[in-house]
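Below is one structure; the comments refer to it alone.
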Amino acid sequence: MTPQLDVVSIIVSDMAASLAFYRKLGLVFPDGAESEGHAEAPLGGGLRLALDTEQTIASFVADWQPPTGPGRSSIAFRCADPAEVDKVYAELVEAGHHGELAPWDAFWGQRYASLADPDGHGIDLYAPLPSE
């Protein structure tokens with residue numbers, strides 16, 4: 001068997017805050033996951049997004065410490081259309097999440113925006129621009 005991408009996992013400091021954030025983006029996590037150290041949501045194509053608390057990671061990686069500084073990865077969510085990019089970005093920023101890059105019409109043909117989840121992980125929102 002060739003290894004297959006199955007799970008994208010991110011480490012979170014506050015499970016409840018992270019679940020609230022990702023649920024606003026449409027991901028479905030089990031009820032009651034706020035009190036767990038690990039939670040998963042199904043993604044398209046059979047993939048899963050896993051959230052693990054810092055405490056969970058520290059329980060099996062002896063000298064693990066939370067990273068500092070900006071991250072090197074991001075997760076992108078495709079929106080139905082450019083208006084949805086604007087709407088979702090505004091809702092998340094109004095809910096107190098940090099907006100990195102307000103929605104704009106990118107030169108590569110997408111309405112694009114970037115913000116941060118509760119732990120500073122990069123989250124991109126995009127939708128194809130209409131063809132002219």
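Chain labels A, B, ... are given in the sequence in which chains occur in the structure tokens; within each chain residues are numbered consecutively from 1, and ligands are likewise numbered from 1 in the order shown.
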Inset, instruction - Please run DSSP on the backbone and report, as a ChimeraX atom specification, all residues within chain A that come out as strand (DSSP E or B). - result: /A:7-12,38-42,48-53,74-78,99-105,110-116,122-128
Would you export the selected residues with N, CA and C atoms as a tab-separated table (two decimals), in the first residue's frame, please?
```
chain	number	residue	atom	x	y	z
A	7	VAL	N	-5.28	12.42	7.57
A	7	VAL	CA	-5.63	13.35	8.63
A	7	VAL	C	-4.70	14.57	8.57
A	8	VAL	N	-5.28	15.74	8.72
A	8	VAL	CA	-4.53	16.97	8.95
A	8	VAL	C	-4.77	17.29	10.42
A	9	SER	N	-3.69	17.42	11.18
A	9	SER	CA	-3.81	17.60	12.61
A	9	SER	C	-3.17	18.92	13.03
A	10	ILE	N	-3.85	19.64	13.91
A	10	ILE	CA	-3.27	20.86	14.46
A	10	ILE	C	-3.37	20.82	15.98
A	11	ILE	N	-2.42	21.48	16.61
A	11	ILE	CA	-2.37	21.52	18.07
A	11	ILE	C	-3.03	22.81	18.52
A	12	VAL	N	-3.90	22.69	19.51
A	12	VAL	CA	-4.67	23.84	19.99
A	12	VAL	C	-4.45	24.04	21.49
A	38	HIS	N	-8.71	15.40	22.22
A	38	HIS	CA	-8.60	15.10	20.78
A	38	HIS	C	-10.01	15.11	20.20
A	39	ALA	N	-10.16	15.75	19.05
A	39	ALA	CA	-11.45	15.77	18.35
A	39	ALA	C	-11.20	15.74	16.86
A	40	GLU	N	-12.09	15.12	16.10
A	40	GLU	CA	-11.96	15.01	14.66
A	40	GLU	C	-13.25	15.41	13.96
A	41	ALA	N	-13.08	16.01	12.78
A	41	ALA	CA	-14.21	16.35	11.91
A	41	ALA	C	-13.92	15.78	10.53
A	42	PRO	N	-14.92	15.18	9.89
A	42	PRO	CA	-14.72	14.69	8.53
A	42	PRO	C	-14.59	15.84	7.54
A	48	ARG	N	-9.79	13.87	7.31
A	48	ARG	CA	-10.27	14.34	8.59
A	48	ARG	C	-9.37	15.47	9.09
A	49	LEU	N	-9.96	16.41	9.82
A	49	LEU	CA	-9.19	17.42	10.54
A	49	LEU	C	-9.21	17.01	12.00
A	50	ALA	N	-8.04	16.87	12.59
A	50	ALA	CA	-7.93	16.51	14.00
A	50	ALA	C	-7.40	17.70	14.79
A	51	LEU	N	-7.99	17.94	15.94
A	51	LEU	CA	-7.52	18.94	16.88
A	51	LEU	C	-7.02	18.20	18.11
A	52	ASP	N	-5.80	18.51	18.53
A	52	ASP	CA	-5.23	17.93	19.74
A	52	ASP	C	-4.79	19.06	20.65
A	53	THR	N	-5.11	18.94	21.93
A	53	THR	CA	-4.69	19.98	22.87
A	53	THR	C	-3.19	19.88	23.14
A	74	SER	N	-0.95	26.73	6.46
A	74	SER	CA	-2.28	27.30	6.58
A	74	SER	C	-3.28	26.29	6.03
A	75	ILE	N	-4.53	26.51	6.38
A	75	ILE	CA	-5.62	25.69	5.88
A	75	ILE	C	-6.52	26.61	5.08
A	76	ALA	N	-6.87	26.20	3.88
A	76	ALA	CA	-7.71	27.04	3.01
A	76	ALA	C	-9.10	26.43	2.87
A	77	PHE	N	-10.10	27.29	2.98
A	77	PHE	CA	-11.50	26.90	2.82
A	77	PHE	C	-12.06	27.57	1.58
A	78	ARG	N	-12.56	26.76	0.65
A	78	ARG	CA	-13.19	27.29	-0.56
A	78	ARG	C	-14.61	27.71	-0.22
A	99	GLY	N	-7.96	39.15	11.88
A	99	GLY	CA	-7.91	39.21	10.43
A	99	GLY	C	-6.50	39.59	9.98
A	100	GLU	N	-5.90	38.77	9.13
A	100	GLU	CA	-4.56	39.04	8.61
A	100	GLU	C	-4.61	39.85	7.33
A	101	LEU	N	-5.52	39.47	6.43
A	101	LEU	CA	-5.62	40.09	5.12
A	101	LEU	C	-7.09	40.15	4.74
A	102	ALA	N	-7.63	41.36	4.70
A	102	ALA	CA	-9.04	41.54	4.35
A	102	ALA	C	-9.30	41.03	2.94
A	103	PRO	N	-10.53	40.63	2.64
A	103	PRO	CA	-10.84	40.12	1.31
A	103	PRO	C	-10.43	41.09	0.20
A	104	TRP	N	-9.85	40.50	-0.84
A	104	TRP	CA	-9.42	41.29	-2.00
A	104	TRP	C	-9.46	40.41	-3.24
A	105	ASP	N	-9.51	41.04	-4.40
A	105	ASP	CA	-9.51	40.31	-5.66
A	105	ASP	C	-8.07	40.07	-6.08
A	110	GLN	N	-8.92	34.90	-7.79
A	110	GLN	CA	-9.76	34.50	-6.66
A	110	GLN	C	-10.05	35.69	-5.76
A	111	ARG	N	-11.20	35.66	-5.11
A	111	ARG	CA	-11.47	36.54	-3.98
A	111	ARG	C	-10.79	35.84	-2.82
A	112	TYR	N	-9.92	36.52	-2.11
A	112	TYR	CA	-9.03	35.85	-1.16
A	112	TYR	C	-8.94	36.64	0.13
A	113	ALA	N	-8.88	35.95	1.26
A	113	ALA	CA	-8.72	36.58	2.56
A	113	ALA	C	-7.97	35.63	3.48
A	114	SER	N	-7.30	36.18	4.49
A	114	SER	CA	-6.57	35.37	5.46
A	114	SER	C	-6.86	35.87	6.87
A	115	LEU	N	-6.99	34.92	7.79
A	115	LEU	CA	-7.15	35.26	9.19
A	115	LEU	C	-6.47	34.18	10.02
A	116	ALA	N	-6.54	34.32	11.33
A	116	ALA	CA	-5.91	33.35	12.21
A	116	ALA	C	-6.95	32.69	13.10
A	122	GLY	N	-2.79	29.85	10.33
A	122	GLY	CA	-3.30	30.58	9.18
A	122	GLY	C	-4.50	29.91	8.57
A	123	ILE	N	-5.55	30.69	8.34
A	123	ILE	CA	-6.77	30.20	7.70
A	123	ILE	C	-7.04	31.11	6.51
A	124	ASP	N	-7.12	30.52	5.33
A	124	ASP	CA	-7.41	31.28	4.11
A	124	ASP	C	-8.81	30.96	3.65
A	125	LEU	N	-9.48	31.96	3.13
A	125	LEU	CA	-10.80	31.83	2.53
A	125	LEU	C	-10.66	32.26	1.08
A	126	TYR	N	-11.28	31.53	0.17
A	126	TYR	CA	-11.19	31.92	-1.24
A	126	TYR	C	-12.39	31.45	-2.03
A	127	ALA	N	-12.60	32.11	-3.16
A	127	ALA	CA	-13.61	31.69	-4.14
A	127	ALA	C	-13.14	32.20	-5.50
A	128	PRO	N	-13.41	31.45	-6.54
A	128	PRO	CA	-13.05	31.93	-7.87
A	128	PRO	C	-13.82	33.21	-8.19
```
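Reported to one decimal place, the separation of atom CA of Gly120 of chain A from atom CA of Glu84 of chain A is 22.2 Å.
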Inset, instruction - Extract, using only C-alpha atoms, all DNA, RNA and protein residues at most 9 Å from segment 92-97 of chain A, discarding same-chain residues fewer than 4 positions from it, and format them as a PyMOL selection string. - result: chain A and resi 21+24-25+87-88+115-118
Those same residues - C-alpha atoms - I'd like them written as a short mmCIF file (atom, residue, chain, number, x, y, z; two decimals), in the first residue's frame.
```
data_model
loop_
_atom_site.label_atom_id
_atom_site.label_comp_id
_atom_site.auth_asym_id
_atom_site.auth_seq_id
_atom_site.Cartn_x
_atom_site.Cartn_y
_atom_site.Cartn_z
CA PHE A 21 -14.00 28.70 15.33
CA LYS A 24 -18.29 28.55 12.17
CA LEU A 25 -16.48 27.36 9.06
CA LYS A 87 -19.36 37.33 4.72
CA VAL A 88 -17.40 34.57 6.47
CA LEU A 115 -7.15 35.26 9.19
CA ALA A 116 -5.91 33.35 12.21
CA ASP A 117 -7.63 30.70 14.29
CA PRO A 118 -7.51 31.00 18.11
#
```
Inset, instruction - Could you tell me, as an MDAnalysis selection string, which residues of segment 11-70 of chain A DSSP assigns to alpha helix (DSSP H) when given the backbone? - result: chainID A and resid 15:24 54:60
Legend entry - Spatial neighbours of Gly45 of chain A, max dist 12 Å, only C-alpha atoms, sep filter under 6 positions, as a PyMOL selection string: chain A and resi 4-7
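Note that atom CA of Leu129 of chain A and atom CA of Ala106 of chain A are 8.8 Å apart.
Straight-line separation from atom CA of Ser18 of chain A to atom CA of Phe60 of chain A: 21.5 Å.
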